[in-house]
Amino acid sequence: MTANSLHADVSLEFLKAPAPGIYTTVGREANWIKASEVMINGQFGSRMYMALAGDTLRVEALPNGKISATFCSLKFSTESTSKSDFATGGNLTEQ
């Protein structure tokens, strides 16, 4: 699942098409993604960022058959460090 805007692009990577439920973020150290996990990365401005491991994201099924992904206080870091640079929340809805 990918979201785009004028100043940011975010990509959510699941093992397979996500079912409704809670997914735990994995960081750059993950060799593979398990069924209950999600890897989130993106470009904000001119820098690449990745969500840190251990946060959660909720996936819901919508009445139209699409999915929605919601996260609160998801911590992101640049690709060169494992400390949090910023935290953000949001909701991404499949088009």
# chains A, B, ... in the order shown; residues from 1 in each chain; ligands from 1
call {"tool": "residues_around", "arguments": {"residues": "Val38 in chain A", "least_positions_apart": "3", "cutoff": "9 Å", "atoms": "only C-alpha atoms", "output": "VMD selection string"}}
result
chain A and resid 12 to 15 23 to 26 33 to 35 56 to 57
call {"tool": "residues_around", "arguments": {"residues": "Ala61 in chain A", "least_positions_apart": "2", "cutoff": "12 Å", "atoms": "only C-alpha atoms", "output": "list in words"}}
result
Ala17, Pro18, Ala19, Pro20, Gly21, Arg58, Val59, Pro63, Asn64, Gly65, Lys66, Ile67, Ser68, Ala69, Thr70, Thr93 and Glu94 of chain A
call {"tool": "write_last_selection", "arguments": {"atoms": "N, CA and C atoms", "output": "PDB file, in the first residue's frame"}}
result
ATOM      1  N   ALA A  17      -1.587  -9.584   1.111  1.00  0.00           N
ATOM      2  CA  ALA A  17      -2.660  -8.591   1.238  1.00  0.00           C
ATOM      3  C   ALA A  17      -3.160  -8.592   2.692  1.00  0.00           C
ATOM      4  N   PRO A  18      -3.175  -7.438   3.333  1.00  0.00           N
ATOM      5  CA  PRO A  18      -3.507  -7.412   4.763  1.00  0.00           C
ATOM      6  C   PRO A  18      -4.979  -7.697   5.041  1.00  0.00           C
ATOM      7  N   ALA A  19      -5.200  -8.434   6.112  1.00  0.00           N
ATOM      8  CA  ALA A  19      -6.539  -8.688   6.638  1.00  0.00           C
ATOM      9  C   ALA A  19      -6.749  -7.723   7.803  1.00  0.00           C
ATOM     10  N   PRO A  20      -7.992  -7.470   8.194  1.00  0.00           N
ATOM     11  CA  PRO A  20      -8.217  -6.606   9.355  1.00  0.00           C
ATOM     12  C   PRO A  20      -7.475  -7.138  10.579  1.00  0.00           C
ATOM     13  N   GLY A  21      -6.872  -6.230  11.336  1.00  0.00           N
ATOM     14  CA  GLY A  21      -6.147  -6.620  12.537  1.00  0.00           C
ATOM     15  C   GLY A  21      -5.073  -5.617  12.896  1.00  0.00           C
ATOM     16  N   ARG A  58      -3.191  -0.371  12.736  1.00  0.00           N
ATOM     17  CA  ARG A  58      -4.449  -1.111  12.680  1.00  0.00           C
ATOM     18  C   ARG A  58      -5.005  -1.074  11.260  1.00  0.00           C
ATOM     19  N   VAL A  59      -5.356  -2.234  10.737  1.00  0.00           N
ATOM     20  CA  VAL A  59      -5.973  -2.343   9.423  1.00  0.00           C
ATOM     21  C   VAL A  59      -7.442  -2.699   9.614  1.00  0.00           C
ATOM     22  N   PRO A  63     -16.683  -0.932   4.142  1.00  0.00           N
ATOM     23  CA  PRO A  63     -17.866  -1.508   3.485  1.00  0.00           C
ATOM     24  C   PRO A  63     -17.724  -1.664   1.972  1.00  0.00           C
ATOM     25  N   ASN A  64     -16.882  -0.837   1.330  1.00  0.00           N
ATOM     26  CA  ASN A  64     -16.707  -0.913  -0.124  1.00  0.00           C
ATOM     27  C   ASN A  64     -15.670  -1.959  -0.551  1.00  0.00           C
ATOM     28  N   GLY A  65     -15.158  -2.743   0.420  1.00  0.00           N
ATOM     29  CA  GLY A  65     -14.182  -3.787   0.108  1.00  0.00           C
ATOM     30  C   GLY A  65     -12.740  -3.330   0.146  1.00  0.00           C
ATOM     31  N   LYS A  66     -12.499  -2.054   0.339  1.00  0.00           N
ATOM     32  CA  LYS A  66     -11.144  -1.513   0.435  1.00  0.00           C
ATOM     33  C   LYS A  66     -10.659  -1.620   1.881  1.00  0.00           C
ATOM     34  N   ILE A  67      -9.393  -1.252   2.112  1.00  0.00           N
ATOM     35  CA  ILE A  67      -8.863  -1.275   3.477  1.00  0.00           C
ATOM     36  C   ILE A  67      -8.425   0.119   3.905  1.00  0.00           C
ATOM     37  N   SER A  68      -8.341   0.279   5.211  1.00  0.00           N
ATOM     38  CA  SER A  68      -7.872   1.514   5.821  1.00  0.00           C
ATOM     39  C   SER A  68      -6.819   1.137   6.856  1.00  0.00           C
ATOM     40  N   ALA A  69      -5.717   1.868   6.893  1.00  0.00           N
ATOM     41  CA  ALA A  69      -4.629   1.627   7.852  1.00  0.00           C
ATOM     42  C   ALA A  69      -4.472   2.869   8.728  1.00  0.00           C
ATOM     43  N   THR A  70      -4.510   2.682  10.041  1.00  0.00           N
ATOM     44  CA  THR A  70      -4.437   3.791  10.992  1.00  0.00           C
ATOM     45  C   THR A  70      -3.269   3.576  11.944  1.00  0.00           C
ATOM     46  N   THR A  93      -6.209   5.317   3.361  1.00  0.00           N
ATOM     47  CA  THR A  93      -7.345   4.560   2.862  1.00  0.00           C
ATOM     48  C   THR A  93      -7.096   4.168   1.414  1.00  0.00           C
ATOM     49  N   GLU A  94      -7.275   2.887   1.126  1.00  0.00           N
ATOM     50  CA  GLU A  94      -7.083   2.369  -0.224  1.00  0.00           C
ATOM     51  C   GLU A  94      -8.083   3.012  -1.175  1.00  0.00           C
TER      52      GLU A  94
END
call {"tool": "residues_around", "arguments": {"residues": "Tyr49 in chain A", "least_positions_apart": "6", "cutoff": "9 Å", "atoms": "only C-alpha atoms", "output": "ChimeraX atom specification"}}
result
/A:40-43,76-80,85
call {"tool": "write_last_selection", "arguments": {"atoms": "N, CA and C atoms", "output": "short mmCIF file (atom, residue, chain, number, x, y, z; two decimals), in the first residue's frame"}}
result
data_model
loop_
_atom_site.label_atom_id
_atom_site.label_comp_id
_atom_site.auth_asym_id
_atom_site.auth_seq_id
_atom_site.Cartn_x
_atom_site.Cartn_y
_atom_site.Cartn_z
N ILE A 40 7.30 -0.09 7.19
CA ILE A 40 6.84 1.20 6.68
C ILE A 40 8.04 2.08 6.41
N ASN A 41 8.13 2.59 5.20
CA ASN A 41 9.21 3.52 4.87
C ASN A 41 8.65 4.61 3.97
N GLY A 42 9.40 5.67 3.85
CA GLY A 42 8.92 6.75 3.01
C GLY A 42 9.92 7.86 2.85
N GLN A 43 9.57 8.74 1.95
CA GLN A 43 10.38 9.92 1.72
C GLN A 43 9.58 11.12 2.19
N PHE A 76 9.61 7.48 13.31
CA PHE A 76 10.42 7.32 12.11
C PHE A 76 11.85 7.77 12.36
N SER A 77 12.79 7.14 11.67
CA SER A 77 14.19 7.57 11.72
C SER A 77 14.75 7.56 10.31
N THR A 78 15.86 8.27 10.12
CA THR A 78 16.52 8.23 8.83
C THR A 78 17.12 6.85 8.63
N GLU A 79 17.49 6.54 7.43
CA GLU A 79 18.06 5.23 7.15
C GLU A 79 19.41 5.01 7.80
N SER A 80 20.07 6.06 8.25
CA SER A 80 21.42 5.92 8.80
C SER A 80 21.43 5.84 10.33
N ASP A 85 13.60 10.28 14.84
CA ASP A 85 13.73 11.66 14.40
C ASP A 85 12.43 12.42 14.56
#
call {"tool": "closest_residue", "arguments": {"among": "A:Ile22, A:Ala30, A:Leu92, A:Met39", "to": "Leu62 in chain A", "atoms": "only C-alpha atoms"}}
result
A:Leu92
call {"tool": "closest_residue", "arguments": {"among": "A:Gln95, A:Ser73, A:Val10, A:Thr88", "to": "Gly45 in chain A", "atoms": "only C-alpha atoms"}}
result
A:Val10
call {"tool": "closest_residue", "arguments": {"among": "A:Glu37, A:Glu29, A:Met50, A:Glu60", "to": "Lys16 in chain A", "atoms": "only C-alpha atoms"}}
result
A:Glu37
